[in-house]
file upload_8.cif (mmCIF, C-alpha atoms)
data_structure
#
loop_
_atom_site.label_atom_id
_atom_site.label_comp_id
_atom_site.auth_asym_id
_atom_site.auth_seq_id
_atom_site.Cartn_x
_atom_site.Cartn_y
_atom_site.Cartn_z
CA MET A 17 0.00 0.00 0.00
CA THR A 18 1.20 3.48 -0.82
CA VAL A 19 -0.41 6.41 0.94
CA ILE A 20 -0.48 9.74 -0.85
CA ILE A 21 -1.13 12.71 1.41
CA SER A 22 -2.63 15.52 -0.61
CA THR A 23 -1.48 19.02 0.31
CA CYS A 24 -4.06 20.60 -1.99
CA ARG A 25 -6.50 23.11 -0.56
CA TYR A 26 -8.76 22.72 -3.61
CA ARG A 27 -9.95 19.41 -4.98
CA LEU A 28 -9.34 20.58 -8.54
CA SER A 29 -5.63 20.91 -7.76
CA GLU A 30 -5.56 17.22 -6.86
CA GLU A 31 -6.21 16.47 -10.52
CA GLU A 32 -2.87 18.11 -11.21
CA PHE A 33 -0.75 17.11 -8.23
CA VAL A 34 -2.21 13.89 -6.78
CA ARG A 35 -3.85 12.01 -9.65
CA PRO A 36 -0.58 11.77 -11.67
CA LEU A 37 1.24 10.35 -8.61
CA ALA A 38 -1.52 7.82 -8.00
CA GLY A 39 -1.35 6.88 -11.67
CA ILE A 40 2.37 6.13 -11.47
CA VAL A 41 1.94 3.93 -8.37
CA GLU A 42 -1.08 2.11 -9.80
CA LYS A 43 0.70 1.54 -13.09
CA TYR A 44 3.00 -0.80 -11.20
CA GLY A 45 0.11 -2.72 -9.68
CA TYR A 46 0.22 -1.20 -6.21
CA GLU A 47 -2.77 0.00 -4.22
CA VAL A 48 -3.05 3.69 -3.40
CA GLU A 49 -4.85 5.39 -0.57
CA ILE A 50 -5.30 9.15 -0.75
CA ARG A 51 -5.45 11.15 2.48
CA ASN A 52 -5.62 14.86 3.18
CA TYR A 53 -3.23 17.20 5.01
CA LYS A 54 -6.01 18.36 7.35
CA GLU A 55 -6.35 14.90 8.90
CA PRO A 56 -4.83 14.71 12.39
CA PHE A 57 -2.32 11.94 11.71
CA THR A 58 -0.19 10.21 14.34
CA GLU A 59 2.66 7.71 13.94
CA GLU A 60 0.00 4.97 14.32
CA SER A 61 -1.81 6.26 11.23
CA PHE A 62 0.61 4.45 8.93
CA ALA A 63 2.18 1.02 8.98
CA PRO A 64 6.00 1.13 8.79
CA SER A 65 5.77 -1.04 5.68
CA GLU A 66 3.78 1.61 3.86
CA ASN A 67 5.36 4.07 1.48
CA VAL A 68 4.14 7.60 2.04
CA ILE A 69 4.18 10.28 -0.64
CA ILE A 70 3.37 13.86 0.39
CA SER A 71 2.22 15.67 -2.74
CA GLY A 72 2.84 19.12 -4.10
CA THR A 73 0.13 21.69 -4.72
CA ALA A 74 -0.59 24.91 -6.59
CA LEU A 75 1.98 27.69 -6.48
CA LYS A 76 -0.36 30.00 -4.54
CA ASP A 77 -1.42 27.33 -2.07
CA PHE A 78 0.18 27.51 1.37
CA ASP A 79 -2.71 26.31 3.53
CA TYR A 80 -0.82 23.10 4.42
CA LEU A 81 1.69 25.22 6.35
CA ASN A 82 -1.11 25.91 8.84
CA TYR A 83 -1.31 22.18 9.57
CA LEU A 84 2.33 21.30 10.26
CA LYS A 85 1.30 19.83 13.62
CA ASN A 86 -0.46 17.06 11.64
CA PHE A 87 2.95 15.99 10.35
CA GLU A 88 4.88 15.67 13.61
CA TRP A 89 4.58 11.87 13.24
CA ILE A 90 7.18 12.06 10.46
CA LYS A 91 9.94 12.39 13.08
CA ASP A 92 9.16 8.94 14.54
CA PHE A 93 8.08 7.17 11.38
CA GLY A 94 10.07 4.06 10.53
CA GLY A 95 8.94 3.71 6.92
CA LYS A 96 9.74 5.48 3.70
CA ILE A 97 8.50 8.97 2.86
CA ILE A 98 9.03 11.22 -0.12
CA GLY A 99 7.82 14.80 -0.02
CA ILE A 100 7.33 16.57 -3.33
CA CYS A 101 7.59 20.36 -3.39
CA ALA A 102 5.04 21.31 -0.68
CA GLY A 103 5.68 17.86 0.79
CA ALA A 104 9.42 18.58 0.94
CA GLN A 105 8.68 21.91 2.61
CA ILE A 106 6.62 20.07 5.23
CA ILE A 107 9.38 17.50 5.89
CA SER A 108 12.07 20.15 6.22
CA SER A 109 9.83 22.30 8.46
CA VAL A 110 9.12 19.35 10.77
CA PHE A 111 12.89 18.87 11.13
CA GLY A 112 13.40 22.51 12.07
CA CYS A 113 14.23 24.24 8.78
CA ARG A 114 13.11 27.73 7.87
CA LEU A 115 11.50 28.35 4.48
CA GLY A 116 13.00 31.17 2.43
CA GLU A 117 11.20 33.06 -0.32
CA ARG A 118 12.45 32.28 -3.83
CA LYS A 119 10.51 31.33 -6.94
CA ILE A 120 11.57 28.66 -9.39
CA ILE A 121 9.10 28.00 -12.21
CA GLY A 122 9.90 25.85 -15.25
CA ALA A 123 12.33 23.14 -16.36
CA PHE A 124 15.99 23.40 -15.33
CA ASP A 125 19.02 21.13 -15.24
CA ILE A 126 19.88 19.81 -11.82
CA GLU A 127 22.94 17.88 -10.70
CA VAL A 128 22.27 14.72 -8.73
CA LYS A 129 25.30 13.75 -6.62
CA LYS A 130 24.04 10.66 -4.87
CA GLU A 131 21.58 7.79 -5.15
CA THR A 132 21.35 5.46 -8.10
CA LYS A 133 21.34 7.86 -11.03
CA LYS A 134 24.06 10.43 -10.67
CA GLY A 135 24.60 13.27 -13.10
CA LYS A 136 22.61 15.97 -14.79
CA ARG A 137 18.88 15.67 -15.28
CA ARG A 138 16.13 18.04 -16.36
CA ALA A 139 13.59 18.75 -13.63
CA TYR A 140 10.32 20.69 -13.55
CA PHE A 141 9.91 23.23 -10.75
CA LEU A 142 6.84 25.04 -9.45
CA ILE A 143 7.86 26.42 -6.10
CA SER A 144 8.15 29.70 -4.22
CA LYS A 145 9.47 28.68 -0.79
CA LEU A 146 12.82 26.95 -0.47
CA PRO A 147 13.91 25.17 2.72
CA GLU A 148 17.12 26.35 4.33
CA LEU A 149 18.43 22.90 5.23
CA ASN A 150 20.05 22.23 8.59
CA ASP A 151 22.33 19.41 9.79
CA ASN A 152 19.49 16.90 9.88
CA PHE A 153 19.69 16.69 6.08
CA GLU A 154 21.99 15.27 3.47
CA VAL A 155 21.91 16.96 0.05
CA LEU A 156 21.48 14.58 -2.89
CA GLY A 157 21.03 17.05 -5.71
CA ARG A 158 21.28 20.75 -6.49
CA LEU A 159 20.08 23.36 -8.95
CA ASP A 160 23.18 25.54 -9.12
CA ASP A 161 23.77 26.27 -5.42
CA VAL A 162 20.24 25.40 -4.26
CA PRO A 163 19.65 21.99 -2.62
CA VAL A 164 16.62 20.57 -4.43
CA TYR A 165 16.89 16.88 -3.60
CA PHE A 166 17.70 15.78 -0.07
CA LYS A 167 17.12 13.17 2.61
CA VAL A 168 16.91 13.10 6.37
CA LYS A 169 20.15 11.60 7.69
CA GLY A 170 19.72 8.04 8.91
CA LYS A 171 16.15 7.74 7.64
CA GLU A 172 14.41 6.84 4.39
CA ILE A 173 12.77 10.25 4.25
CA TYR A 174 13.35 12.22 1.05
CA GLY A 175 12.43 15.66 -0.20
CA VAL A 176 12.39 16.92 -3.79
CA LEU A 177 11.65 20.53 -4.62
CA PHE A 178 10.88 19.70 -8.24
CA HIS A 179 8.04 17.57 -9.60
CA PRO A 180 9.31 14.08 -10.48
CA GLU A 181 5.85 13.07 -11.69
CA VAL A 182 6.36 15.50 -14.62
CA LEU A 183 9.99 14.79 -15.50
CA ASN A 184 11.93 12.04 -13.64
CA GLN A 185 9.12 9.60 -12.92
CA GLU A 186 11.79 6.94 -12.39
CA LEU A 187 12.71 8.71 -9.17
CA ILE A 188 9.28 7.82 -7.76
CA VAL A 189 9.56 4.29 -9.06
CA GLU A 190 12.98 3.95 -7.38
CA PHE A 191 11.59 5.35 -4.14
CA LEU A 192 8.79 2.79 -4.15
CA GLY A 193 11.41 0.10 -4.63
CA LEU A 194 9.56 -1.25 -7.62
CA MET B 57 -16.85 30.06 -4.33
CA VAL B 58 -13.63 30.77 -6.19
CA ARG B 59 -14.16 32.70 -9.42
CA VAL B 60 -12.07 31.48 -12.33
CA GLY B 61 -11.51 32.21 -15.98
CA VAL B 62 -10.92 29.35 -18.39
CA LEU B 63 -8.27 29.62 -21.12
CA TYR B 64 -10.50 28.61 -23.96
CA SER B 65 -9.54 27.64 -27.50
CA GLY B 66 -12.85 25.95 -28.25
CA GLY B 67 -11.22 22.54 -28.67
CA LYS B 68 -11.62 19.35 -26.65
CA ASP B 69 -8.93 20.03 -24.02
CA SER B 70 -10.12 23.47 -22.95
CA ASN B 71 -13.74 22.30 -22.98
CA LEU B 72 -12.93 19.27 -20.83
CA ALA B 73 -10.95 21.49 -18.43
CA LEU B 74 -13.94 23.85 -18.28
CA TYR B 75 -16.30 20.95 -17.69
CA LYS B 76 -14.19 19.58 -14.82
CA ALA B 77 -13.71 23.02 -13.25
CA SER B 78 -17.42 23.86 -13.43
CA SER B 79 -18.26 21.45 -10.62
CA HIS B 80 -15.71 23.12 -8.31
CA PHE B 81 -15.66 26.82 -9.14
CA LYS B 82 -17.73 29.67 -10.52
CA ILE B 83 -16.72 30.13 -14.17
CA SER B 84 -16.70 33.90 -14.57
CA CYS B 85 -15.37 34.14 -18.10
CA LEU B 86 -13.71 32.37 -20.98
CA ILE B 87 -10.36 33.73 -22.16
CA ASN B 88 -9.46 33.24 -25.80
CA ILE B 89 -6.07 34.15 -27.28
CA GLN B 90 -6.05 34.12 -31.06
CA PRO B 91 -2.64 33.67 -32.71
CA LYS B 92 -2.24 34.88 -36.31
CA SER B 93 -0.99 31.54 -37.57
CA SER B 94 -1.18 27.86 -36.73
CA GLU B 95 2.46 27.73 -35.58
CA SER B 96 1.89 28.84 -31.98
CA GLU B 97 3.30 26.44 -29.36
CA ILE B 98 1.37 28.14 -26.59
CA PHE B 99 -2.12 28.69 -27.99
CA HIS B 100 -4.19 26.62 -30.31
CA TYR B 101 -4.99 27.99 -33.70
CA PRO B 102 -8.53 29.33 -33.66
CA THR B 103 -11.53 28.48 -35.70
CA ALA B 104 -12.07 32.22 -35.59
CA ASN B 105 -15.58 33.26 -34.76
CA ILE B 106 -16.80 29.87 -33.60
CA VAL B 107 -15.47 30.69 -30.13
CA ASN B 108 -18.04 33.51 -29.93
CA LEU B 109 -20.77 31.01 -30.70
CA GLN B 110 -19.43 28.59 -28.07
CA ALA B 111 -19.41 31.36 -25.45
CA GLU B 112 -22.99 32.13 -26.43
CA ALA B 113 -23.92 28.46 -26.12
CA LEU B 114 -22.29 28.37 -22.68
CA GLU B 115 -23.77 31.73 -21.65
CA ILE B 116 -20.37 32.73 -20.24
CA PRO B 117 -18.70 36.10 -21.02
CA LEU B 118 -15.73 35.92 -23.40
CA VAL B 119 -12.46 37.87 -23.19
CA LYS B 120 -10.81 37.69 -26.59
CA VAL B 121 -7.32 38.97 -27.39
CA ARG B 122 -5.39 38.73 -30.65
CA THR B 123 -1.65 38.11 -30.77
CA GLY B 124 1.25 37.90 -33.19
CA ASP B 125 3.36 34.80 -33.77
CA ARG B 126 6.38 35.68 -31.65
CA GLU B 127 6.57 34.18 -28.18
CA GLU B 128 6.97 37.58 -26.47
CA GLU B 129 3.83 38.81 -28.21
CA GLN B 130 1.89 35.75 -27.11
CA ILE B 131 3.02 36.02 -23.50
CA LYS B 132 2.11 39.70 -23.51
CA ALA B 133 -1.32 38.90 -25.00
CA LEU B 134 -1.89 36.25 -22.32
CA TYR B 135 -0.88 38.70 -19.61
CA ASN B 136 -3.21 41.38 -20.99
CA ALA B 137 -6.13 38.97 -21.36
CA LEU B 138 -5.78 37.65 -17.80
CA LYS B 139 -5.43 41.19 -16.48
CA ILE B 140 -8.69 42.15 -18.21
CA ALA B 141 -10.37 39.03 -16.85
CA LYS B 142 -9.15 39.85 -13.36
CA GLU B 143 -10.21 43.48 -13.49
CA TYR B 144 -13.56 43.09 -15.25
CA HIS B 145 -14.69 39.62 -14.18
CA GLY B 146 -13.02 39.42 -10.80
CA ILE B 147 -11.27 36.13 -11.45
CA GLU B 148 -9.02 34.74 -8.72
CA GLY B 149 -7.69 31.87 -10.78
CA VAL B 150 -7.22 30.47 -14.27
CA VAL B 151 -8.07 27.00 -15.56
CA THR B 152 -6.11 25.67 -18.52
CA GLY B 153 -6.35 22.57 -20.69
CA ALA B 154 -2.59 21.92 -20.59
CA VAL B 155 -1.96 18.16 -20.73
CA ARG B 156 1.71 17.45 -21.13
CA SER B 157 3.64 20.41 -22.53
CA VAL B 158 6.07 21.67 -19.89
CA TYR B 159 6.83 24.60 -22.21
CA GLN B 160 3.16 25.64 -22.31
CA ALA B 161 2.51 24.95 -18.61
CA THR B 162 5.56 26.96 -17.55
CA ARG B 163 4.37 30.00 -19.45
CA PHE B 164 0.85 29.75 -18.03
CA GLN B 165 2.22 29.38 -14.49
CA ARG B 166 4.60 32.34 -14.83
CA VAL B 167 1.94 34.71 -16.15
CA CYS B 168 -0.57 33.63 -13.49
CA ASP B 169 2.09 34.16 -10.86
CA LYS B 170 2.82 37.68 -12.16
CA LEU B 171 -0.86 38.53 -11.80
CA ASP B 172 -1.21 36.76 -8.44
CA LEU B 173 -3.75 34.29 -9.87
CA TRP B 174 -4.24 30.63 -9.00
CA CYS B 175 -3.48 28.29 -11.86
CA PHE B 176 -5.41 25.03 -12.27
CA ASN B 177 -4.54 22.38 -14.85
CA PRO B 178 -7.08 19.58 -14.33
CA LEU B 179 -5.91 17.55 -17.35
CA TRP B 180 -2.23 17.72 -16.39
CA LEU B 181 -0.38 14.46 -17.17
CA MET B 182 -3.67 12.76 -17.92
CA ASP B 183 -3.41 9.69 -20.10
CA GLU B 184 -3.79 11.05 -23.60
CA GLU B 185 -6.42 8.62 -24.74
CA LYS B 186 -8.33 9.14 -21.47
CA VAL B 187 -8.72 12.83 -22.29
CA ILE B 188 -10.63 11.87 -25.40
CA GLU B 189 -12.55 9.06 -23.69
CA ASP B 190 -13.61 11.38 -20.85
CA ALA B 191 -14.79 14.00 -23.32
CA LEU B 192 -16.71 11.57 -25.50
CA SER B 193 -18.22 9.61 -22.60
CA SER B 194 -19.36 12.93 -21.07
CA GLY B 195 -21.36 13.63 -24.20
CA PHE B 196 -18.98 15.96 -26.05
CA LYS B 197 -19.36 16.28 -29.81
CA VAL B 198 -15.99 17.02 -31.33
CA ILE B 199 -14.83 17.53 -34.91
CA THR B 200 -11.33 17.95 -36.34
CA THR B 201 -10.56 21.38 -37.77
CA ARG B 202 -6.88 21.02 -38.62
CA LEU B 203 -4.69 18.04 -39.34
CA ALA B 204 -0.90 18.08 -39.79
CA VAL B 205 0.43 14.53 -39.85
CA TYR B 206 2.27 12.22 -42.20
CA PRO B 207 0.80 10.41 -44.05
CA PHE B 208 -1.96 12.97 -44.31
CA ASN B 209 -5.51 11.88 -45.08
CA ALA B 210 -7.98 14.68 -45.81
CA LYS B 211 -10.99 12.50 -45.20
CA TYR B 212 -10.54 12.97 -41.43
CA LEU B 213 -10.86 16.77 -41.66
CA GLY B 214 -14.14 18.17 -40.39
CA GLU B 215 -15.17 14.74 -39.16
CA SER B 216 -15.98 13.41 -35.69
CA LEU B 217 -13.20 12.55 -33.31
CA ASP B 218 -14.22 8.93 -33.24
CA GLU B 219 -12.48 5.59 -32.79
CA GLU B 220 -11.68 5.33 -36.50
CA PHE B 221 -9.81 8.65 -36.38
CA ARG B 222 -7.90 7.63 -33.25
CA GLU B 223 -6.98 4.31 -34.84
CA TYR B 224 -5.61 6.22 -37.84
CA LEU B 225 -3.44 8.33 -35.50
CA ARG B 226 -2.18 5.28 -33.64
CA LYS B 227 -1.34 3.59 -36.92
CA ILE B 228 0.77 6.52 -38.12
CA ARG B 229 2.27 6.92 -34.61
CA ALA B 230 0.91 10.44 -34.13
CA ASN B 231 0.11 11.86 -30.70
CA VAL B 232 -3.48 10.74 -30.14
CA VAL B 233 -4.40 13.72 -27.96
CA GLY B 234 -2.97 16.17 -30.54
CA GLU B 235 -1.09 18.27 -28.02
CA GLY B 236 1.92 18.50 -30.32
CA GLY B 237 -0.21 20.27 -32.92
CA GLU B 238 -0.95 17.10 -34.90
CA TYR B 239 -4.57 18.14 -35.03
CA GLU B 240 -6.96 20.73 -33.69
CA THR B 241 -10.53 20.20 -32.68
CA LEU B 242 -13.76 22.07 -32.28
CA VAL B 243 -16.38 21.14 -29.71
CA THR B 244 -19.84 21.60 -31.16
CA TYR B 245 -21.60 20.33 -28.07
CA MET B 246 -20.85 19.46 -24.45
CA PRO B 247 -23.17 19.21 -21.42
CA LEU B 248 -22.67 22.86 -20.37
CA PHE B 249 -23.81 24.13 -23.80
CA LYS B 250 -27.39 25.36 -23.71
CA LYS B 251 -27.64 24.70 -27.44
CA GLU B 252 -25.66 22.64 -29.93
CA ILE B 253 -23.55 24.30 -32.64
CA ARG B 254 -24.41 23.22 -36.14
CA VAL B 255 -21.69 23.72 -38.77
CA VAL B 256 -23.70 24.53 -41.87
CA ASP B 257 -20.93 25.24 -44.34
CA TYR B 258 -17.16 24.86 -44.34
CA GLU B 259 -14.28 24.77 -46.78
CA LYS B 260 -11.30 22.41 -46.73
CA ILE B 261 -7.92 24.08 -47.33
CA LEU B 262 -5.41 21.39 -48.20
CA GLY B 263 -1.62 21.50 -48.15
CA LYS B 264 0.97 18.79 -48.77
CA ASN B 265 0.82 17.04 -45.41
CA GLU B 266 -1.71 19.19 -43.68
CA GLY B 267 -5.12 20.67 -44.04
CA GLU B 268 -7.68 22.72 -42.19
CA ILE B 269 -11.29 23.65 -42.42
CA ILE B 270 -12.57 27.18 -42.53
CA VAL B 271 -16.05 27.32 -41.10
CA ARG B 272 -18.10 29.56 -43.37
CA ARG B 273 -21.35 29.34 -41.47
CA ALA B 274 -22.39 27.86 -38.15
CA VAL B 275 -25.53 28.35 -36.09
CA LEU B 276 -26.80 27.58 -32.61
CA GLY B 277 -29.57 25.07 -32.17
#
call {"tool": "encode", "arguments": {"input": "upload_8.cif", "output": "structure tokens"}}
result
Amino acid sequence: MTVIISTCRYRLSEEEFVRPLAGIVEKYGYEVEIRNYKEPFTEESFAPSENVIISGTALKDFDYLNYLKNFEWIKDFGGKIIGICAGAQIISSVFGCRLGERKIIGAFDIEVKKETKKGKRRAYFLISKLPELNDNFEVLGRLDDVPVYFKVKGKEIYGVLFHPEVLNQELIVEFLGL
Amino acid sequence: MVRVGVLYSGGKDSNLALYKASSHFKISCLINIQPKSSESEIFHYPTANIVNLQAEALEIPLVKVRTGDREEEQIKALYNALKIAKEYHGIEGVVTGAVRSVYQATRFQRVCDKLDLWCFNPLWLMDEEKVIEDALSSGFKVITTRLAVYPFNAKYLGESLDEEFREYLRKIRANVVGEGGEYETLVTYMPLFKKEIRVVDYEKILGKNEGEIIVRRAVLG
């Protein structure tokens, strides 16, 4: 089972940011459950064997930042999580990072330093708040000097500031261990 | 309820985006950008005045802006059109029919951001054949208005977007949803239309590997 937590304030945005993710997971024969950021989750809400994807949302949507307390369970979660854009902002915020204002919209070349596929890859960005990463994080990829792909040290918790469902779908497939 | 404008070319994608958005938001206006030629990568080539008839059928106000062929002109036209829609129709967001083009989506997102508007792309990354299936199963009536593929077959111009046409595209390995400009469509009816559009007279303009129809006369009802 893969759980996708929608960070979308409006249902119509889920067509753009959640449906494509669910489609990728289902394509590989896995079940998907879609939850919402307003639900008061705890660490018991998810089985450690479940993969959790925290979606992105529209550029103007920041409502999820009002519900960070619903994501405190991330700190104690033993399973795998990937946060995409808004999801990555949530993960970094839970681990004490500040979000700085900077817009990146469009496709740009990033440099991936670690994980299975090193090297340059084109990535699609739609973001206006960038986490200022602290020592809890290891940087896996950058856009120039900006960390855009990272993981929590010692955990299988990843953050990507770009949208791998648009370009780099294999990154999601790798995350799911498919 | 959020008030939105829909970027509207009159084809299947923008109509399906409109249809999906209509159950979530108040559709305050349609926004149509008309490029001079069929080469635009951002906007679909218009079937000129048919969009007026579609807006009439939908009973939704239309903001219509013309643009040149250069990218800067098209971005400026989009900006101006959305600004008008924001000022005169009070839109807070824009709905587009973008399916897969990162180039197109990026430009829409940047202009919306400049104007502090929400941007919704309900067809984004949708399976290409599903776009057509959703439209047809929802009761859309769609005809082809322009075809630019190899090998070109003029018999599919001005005809329904049916299974035979899709099979032809699959056979020649063309993009079935037509987002790469392989073909353009015109929706003559969908469930939000109060009346159906009837194309009474049209002319086929044929080139070497492309062709289009010029609608001479169309009526409502």
call {"tool": "resolve_selection", "arguments": {"input": "upload_8.cif", "expression": "the PyMOL selection byres ((chain B) within 6 of (chain A))", "output": "PyMOL selection string"}}
result
chain B and resi 162+174+177-178+180
call {"tool": "residues_around", "arguments": {"input": "upload_8.cif", "residues": "Glu55 of chain A", "least_positions_apart": "2", "cutoff": "10 Å", "atoms": "all atoms listed in the file", "output": "PyMOL selection string"}}
result
chain A and resi 21+51-53+57-58+83+86-87
call {"tool": "resolve_selection", "arguments": {"input": "upload_8.cif", "expression": "the PyMOL selection byres ((chain B and resi 218) around 10)", "output": "PyMOL selection string"}}
result
chain B and resi 188-189+192+197-200+212+215-217+219-223
call {"tool": "write_last_selection", "arguments": {"input": "upload_8.cif", "atoms": "C-alpha atoms", "output": "PDB file, keeping the file's coordinate frame"}}
result
ATOM      1  CA  ILE B 188     -10.630  11.870 -25.400  1.00  0.00           C
ATOM      2  CA  GLU B 189     -12.550   9.060 -23.690  1.00  0.00           C
ATOM      3  CA  LEU B 192     -16.710  11.570 -25.500  1.00  0.00           C
ATOM      4  CA  LYS B 197     -19.360  16.280 -29.810  1.00  0.00           C
ATOM      5  CA  VAL B 198     -15.990  17.020 -31.330  1.00  0.00           C
ATOM      6  CA  ILE B 199     -14.830  17.530 -34.910  1.00  0.00           C
ATOM      7  CA  THR B 200     -11.330  17.950 -36.340  1.00  0.00           C
ATOM      8  CA  TYR B 212     -10.540  12.970 -41.430  1.00  0.00           C
ATOM      9  CA  GLU B 215     -15.170  14.740 -39.160  1.00  0.00           C
ATOM     10  CA  SER B 216     -15.980  13.410 -35.690  1.00  0.00           C
ATOM     11  CA  LEU B 217     -13.200  12.550 -33.310  1.00  0.00           C
ATOM     12  CA  GLU B 219     -12.480   5.590 -32.790  1.00  0.00           C
ATOM     13  CA  GLU B 220     -11.680   5.330 -36.500  1.00  0.00           C
ATOM     14  CA  PHE B 221      -9.810   8.650 -36.380  1.00  0.00           C
ATOM     15  CA  ARG B 222      -7.900   7.630 -33.250  1.00  0.00           C
ATOM     16  CA  GLU B 223      -6.980   4.310 -34.840  1.00  0.00           C
TER      17      GLU B 223
END
call {"tool": "closest_residue", "arguments": {"input": "upload_8.cif", "among": "A:Lys134, A:Lys96, A:Lys145, A:Arg114", "to": "Lys171 of chain A", "atoms": "all atoms listed in the file"}}
result
A:Lys96
call {"tool": "closest_residue", "arguments": {"input": "upload_8.cif", "among": "A:Ala63, A:Ile173, A:Leu159, A:Cys101", "to": "Ile143 of chain A", "atoms": "only C-alpha atoms"}}
result
A:Cys101
call {"tool": "atom_distance", "arguments": {"input": "upload_8.cif", "atom1": "atom CA of Ile269 of chain B", "atom2": "atom CA of Cys85 of chain B"}}
result
26.8 Å
call {"tool": "atom_distance", "arguments": {"input": "upload_8.cif", "atom1": "atom CA of Val176 of chain A", "atom2": "atom CA of Val128 of chain A"}}
result
11.3 Å
call {"tool": "residues_around", "arguments": {"input": "upload_8.cif", "residues": "Lys91 of chain A", "least_positions_apart": "5", "cutoff": "10 Å", "atoms": "all atoms listed in the file", "output": "short mmCIF file (atom, residue, chain, number, x, y, z; two decimals) with C-alpha atoms, keeping the file's coordinate frame"}}
result
data_model
loop_
_atom_site.label_atom_id
_atom_site.label_comp_id
_atom_site.auth_asym_id
_atom_site.auth_seq_id
_atom_site.Cartn_x
_atom_site.Cartn_y
_atom_site.Cartn_z
CA GLU A 59 2.66 7.71 13.94
CA ILE A 107 9.38 17.50 5.89
CA VAL A 110 9.12 19.35 10.77
CA PHE A 111 12.89 18.87 11.13
CA VAL A 168 16.91 13.10 6.37
CA LYS A 171 16.15 7.74 7.64
CA ILE A 173 12.77 10.25 4.25
#
call {"tool": "residues_around", "arguments": {"input": "upload_8.cif", "residues": "Ser71 of chain A", "least_positions_apart": "6", "cutoff": "7 Å", "atoms": "all atoms listed in the file", "output": "ChimeraX atom specification"}}
result
/A:20-23,33-34,99-100,102-103
call {"tool": "axis_aligned_box", "arguments": {"input": "upload_8.cif", "around": "segment 192-206 of chain B", "padding_each_side": "5 Å", "output": "AutoDock Vina command-line options"}}
result
--center_x -9.5 --center_y 15.5 --center_z -31.6 --size_x 33.6 --size_y 21.8 --size_z 31.1
call {"tool": "residues_around", "arguments": {"input": "upload_8.cif", "residues": "Ser84 of chain B", "least_positions_apart": "5", "cutoff": "7 Å", "atoms": "all atoms listed in the file", "output": "number ranges by chain"}}
result
B: 59-61, 116, 145, 147
call {"tool": "resolve_selection", "arguments": {"input": "upload_8.cif", "expression": "the PyMOL selection byres ((chain B and resi 207) around 10)", "output": "list in words"}}
result
Ala204, Val205, Tyr206, Phe208, Asn209, Ala210, Tyr224, Leu225, Ile228, Ala230, Lys264, Asn265 and Glu266 of chain B
call {"tool": "write_last_selection", "arguments": {"input": "upload_8.cif", "atoms": "C-alpha atoms", "output": "CSV table (one decimal), keeping the file's coordinate frame"}}
result
chain,number,residue,atom,x,y,z
B,204,ALA,CA,-0.9,18.1,-39.8
B,205,VAL,CA,0.4,14.5,-39.8
B,206,TYR,CA,2.3,12.2,-42.2
B,208,PHE,CA,-2.0,13.0,-44.3
B,209,ASN,CA,-5.5,11.9,-45.1
B,210,ALA,CA,-8.0,14.7,-45.8
B,224,TYR,CA,-5.6,6.2,-37.8
B,225,LEU,CA,-3.4,8.3,-35.5
B,228,ILE,CA,0.8,6.5,-38.1
B,230,ALA,CA,0.9,10.4,-34.1
B,264,LYS,CA,1.0,18.8,-48.8
B,265,ASN,CA,0.8,17.0,-45.4
B,266,GLU,CA,-1.7,19.2,-43.7
call {"tool": "closest_residue", "arguments": {"input": "upload_8.cif", "among": "A:Val68, A:Ala38, A:Ala104, A:Leu115", "to": "Val164 of chain A", "atoms": "all atoms listed in the file"}}
result
A:Ala104
call {"tool": "atom_distance", "arguments": {"input": "upload_8.cif", "atom1": "atom CA of Val121 of chain B", "atom2": "atom CA of Gln90 of chain B"}}
result
6.2 Å
call {"tool": "residues_around", "arguments": {"input": "upload_8.cif", "residues": "Tyr46 of chain A", "least_positions_apart": "5", "cutoff": "10 Å", "atoms": "only C-alpha atoms", "output": "list of chain:residue names"}}
result
A:Met17, A:Thr18, A:Ala38, A:Gly39, A:Ile40, A:Val41, A:Leu192, A:Leu194
call {"tool": "residues_near_point", "arguments": {"input": "upload_8.cif", "point": "(-5.0, 34.4, -22.2)", "cutoff": "6 Å", "atoms": "only C-alpha atoms", "output": "VMD selection string"}}
result
chain B and resid 63 87 to 89 134 137 to 138
call {"tool": "closest_residue", "arguments": {"input": "upload_8.cif", "among": "B:Lys211, B:Lys251, B:Val233, B:Tyr159", "to": "Asp190 of chain B", "atoms": "only C-alpha atoms"}}
result
B:Val233
call {"tool": "closest_residue", "arguments": {"input": "upload_8.cif", "among": "B:Leu248, B:His80, B:Arg254, B:Val187", "to": "Glu115 of chain B", "atoms": "all atoms listed in the file"}}
result
B:Leu248
call {"tool": "closest_residue", "arguments": {"input": "upload_8.cif", "among": "A:Arg25, A:Lys85, A:Lys130, A:Arg118", "to": "Pro56 of chain A", "atoms": "all atoms listed in the file"}}
result
A:Lys85
